[in-house]
Amino acid sequence: MIVAASLVLIVLFSVAFHLVSPWWWTPIASNWGYIDTTLVITFWITGAVFTAVVLFMAWCVFRYRHKPGRVAHYEPESKRLEIWLTALTALGVAAMLAPGLVVWNRFITVPDDATEIEVVAQQWFWSYRLPGADGQLGSSDVTWISADNPLGLNPHDRLGADDVVIDGGDLHLPIGKPVKVLLRSVDVLHDFYVPEFRAKMDMVPGMVTYFWFTPTRTGEFEVLCAELCGTGHGYMRGYVLIDEEAEYEAWLGEQLTFAGLPAGEGVQVANTAEPIGGSDP
Amino acid sequence: MSSVSEDPDTGIPPAEVPDLPPPHAHGFWSRWVFSQDAKYIALQYSGTAIAIGLVALVLSWLIRMQLGFPGVFDFISAEAYYQFITMHGMIMVVYLLTAIFLGGFGNYLIPLMVGARDMVFPFVNMLSFWVYFLAVVVLAASFFAPGGPTGAGWTLYPPQAILSGTPGGTQWGIVLMLVSLILFIIGFTMGGLNYAVTVLQARTRGMTLMRMPLTIWGIFTATVMALLAFPALFVASVMMLFDRLLGTSFFMPALVEMGEQLSYGGGSPIVFQHLFWFFGHPEVYIVALPAFGIVSDLIAVHARKNIFGYRMMVWAIVIIGALSFIVWAHHMYVSGMHPYFGFFFATTTLIIAVPTALKVYNWILTLWRGDIHLTLPMLFALGFIVTFLNGGLTGLFLGNVVVDVPLSDTMFVVAHFHMVMGVAPIMVIFGAIYHWFPLISGRMLSHRMGLIHFWVTFIGAYAIFFPMHYVGLVGVPRRYPDISASFVPDSVATLNAFITVAALTVGAAQMLFLFNVAWSLARGRKAGHNPWRAASLEWQTPEVPPRHGNWGEELPLVYRWAYDYSVPGAPRDFIAQDDPGHRASWSHVP
């Protein structure tokens, strides 16, 4: 009796907690509302299964608890029942997987008009690079990294000359424009994580990873590292500010370009009319 | 092999090999230290696993104290916090859960449940334990080494695991961890070969594979999986040890650490992750499958009913075991691996939910129309179903690639895996100990203390891990010693303090359990023969507790499956496996 009642109470507690507790995700600030929708579908399906199964179990415990004279029913298996249950489960699983895969396809398909920007992680802070007037980021490599060239930009690559370098400051992005975030790490694994954007991806030394999103709300959003990166992991914070276009342009105008840094002095701005790689450095 | 034919009346095949006695102990050392009796080795394995598990329990208290009351405990620095979570995770997954299910329950139950006198290689079995013991000693030594244990997280991801920004990265910690893992795998391989060969070769006459209790099916499948999965971790550990000590670059690309160019180059951190999770995901089922098997038997015995859909249950175990080898990269959706992998691994991961769900249904259908005795093993089995169901369902969030993106590396993941492979299997371990303690010791554990232990553990663990999912949903990342951030409301701190209080309480309840074991060993009620009226073979030994060699003069003969409970027309509500009497009416009974 107590056991069956406890099982019912666990279900009631879980459902009530889900519905009335104040703890829910942060208001979204990107186009990834699809992810939230898929998550909510998953909550409904799994919640219904949890409720049904535990309540049925509670009823069994109540109805078939031992009393003198009770004899268990003898039925080793029921193919029909098992096939039905398998089919229903497969259907529920498909109902979650299908929208999940559709949204995943969107997640990994970057729109053509997305602006490429770069986030560089190192123990334990964030740096950023934005393409200059040519709209392209220059090449980079860890071997170029020095005190004068903290992000390791290639000093022989003219495409990098007008790149805006933000070493340790905050990132600004304009609202409503899709961004492809290229992710680079110079030391260990990190993960560029802004809860309001929903998207995140690890940064792996030796390769460039990415995700894309469109900011949909202005404001200040905290950046955290979501992949354990050493003692300072929990304190590797920063901010992304989503601005209206005019504010963004004003901010952008104040930033240093690579050519303005000591290591980039010799680089000349590329002529974007030339085909890339069409001229020897 | 010529003319091995069954006895037409009983279906018992004739003996193929002579019944040889297992090696006998000749003195103190060979009896009490380097024992070759699987039952004694089982207790050595379990005792060592529980001892190191207590260290992990204390670490979990320290972790929760930091999270619940950040800044209050000065001695928990960020460094120490990372060392605590790393050691807690590794001890629980490998040195406690794997060791106790396979080394502990496997050793005790396999020979008894299949009707063998001992494991087939008793000497190797003894060696297996002592290598495991050495692995535990090396692991524990890292607490006292210069720089302390590694703080790389239990996943030990390079490059940080072997660099100076991580506790123990350039000191002893990571080296001792890797050496200990290598030793563990060597020790396990010796034991694992034994368990698999014993199940395949040493079953008594009449014990066909499809008559084995599900406990044995679970342990056997998990053992085969572990033999295939651990080598990946072995290789990864050896390579990382080379990267750390010899300066090789298996997992290390060219990188700059704190402004300084290191001499590494050309390696891939992602390859380590693939190797780690090729081991790591099957590992989840290496822990879960024995728990699935054991809980099936607990439910059948204590509901006085055959496990519902036995054949389906066997196949589900085997299918889950096989599928679990092709889902590993669902731990790596945001690792930067090729995004197309997401489609494949999300699909395989969600497919594995189907046989798993079927197992849950069949446990509950076993309760349905049963004669449910709410004994302690049954209570823990019910607790297992609730927590496993809850944790399994949240797995559908994390397995579905795009839903995982916002949730990965948050406290949601921590809540999920603790519920599904922490709380749930531990519920089964407790249920199993309450169930088999009378066989091992001849005495019952105290029911009253057991009830307190059950309710505090079950309700407490649920109160810890259910709300924790919502901390993750808010966006709080895992592996943060201090979770305050601009988007985290103050109420989350209150919730965290509540979770900490619940965790300390649940931990304290385990002390009551240990006291119960010690007290009952000396003062517990005498159990007598087969106190639960179970049909499986381990309860049918001539003496309780079973002596060396298990079976007296004659090996038992097996006439039926392990689940003949409440058979219509039978004189009692169970028929033991070695009882040649009443035949069941149902034609498919194995």
# chains A, B, ... in the order shown; residues from 1 in each chain; ligands from 1
>>> interface_residues(of="chain B", to="chain A", cutoff="7 Å", atoms="only C-alpha atoms", output="PyMOL selection string")
chain B and resi 78-79+159-160+165-166+253-257+259+304-306+308-309+334-336+339+343+350+354+358+364+367-373+386+389-390+393+397+400-403+405-406+409+470-471+473-475+477+479-482+486-487+566-567
>>> residues_around(residues="Leu289 in chain B", least_positions_apart="3", cutoff="7 Å", atoms="only C-alpha atoms", output="number ranges by chain")
B: 218-219, 222, 285-286, 292-293, 317
>>> select_by_dssp(residues="range 16-219 of chain A", states="alpha helix (DSSP H)", output="PyMOL selection string")
chain A and resi 16-20+33-63+79-108
>>> residues_around(residues="Leu252 in chain A", least_positions_apart="2", cutoff="12 Å", atoms="only C-alpha atoms", output="list in words")
Arg129, Leu130, Pro131, Gly132, Ala133, Asp162, Asp163, Val164, Val165, Ile166, Asp170, Leu171, His172, Leu173, Pro174, Asp243, Glu245, Ala246, Glu247, Tyr248, Glu249, Ala250, Glu254, Gln255, Leu256 and Thr257 of chain A
>>> select_by_dssp(residues="range 13-242 of chain A", states="strand (DSSP E)", output="PyMOL selection string")
chain A and resi 115-122+125-130+164-167+171-174+179-185+190-193+200-203+209-213+219-225+238-242
>>> atom_distance(atom1="CA of Gly460 in chain B", atom2="CA of Ala424 in chain B")
13.0 Å
>>> atom_distance(atom1="CA of Phe133 in chain B", atom2="CA of Asn107 in chain B")
15.4 Å
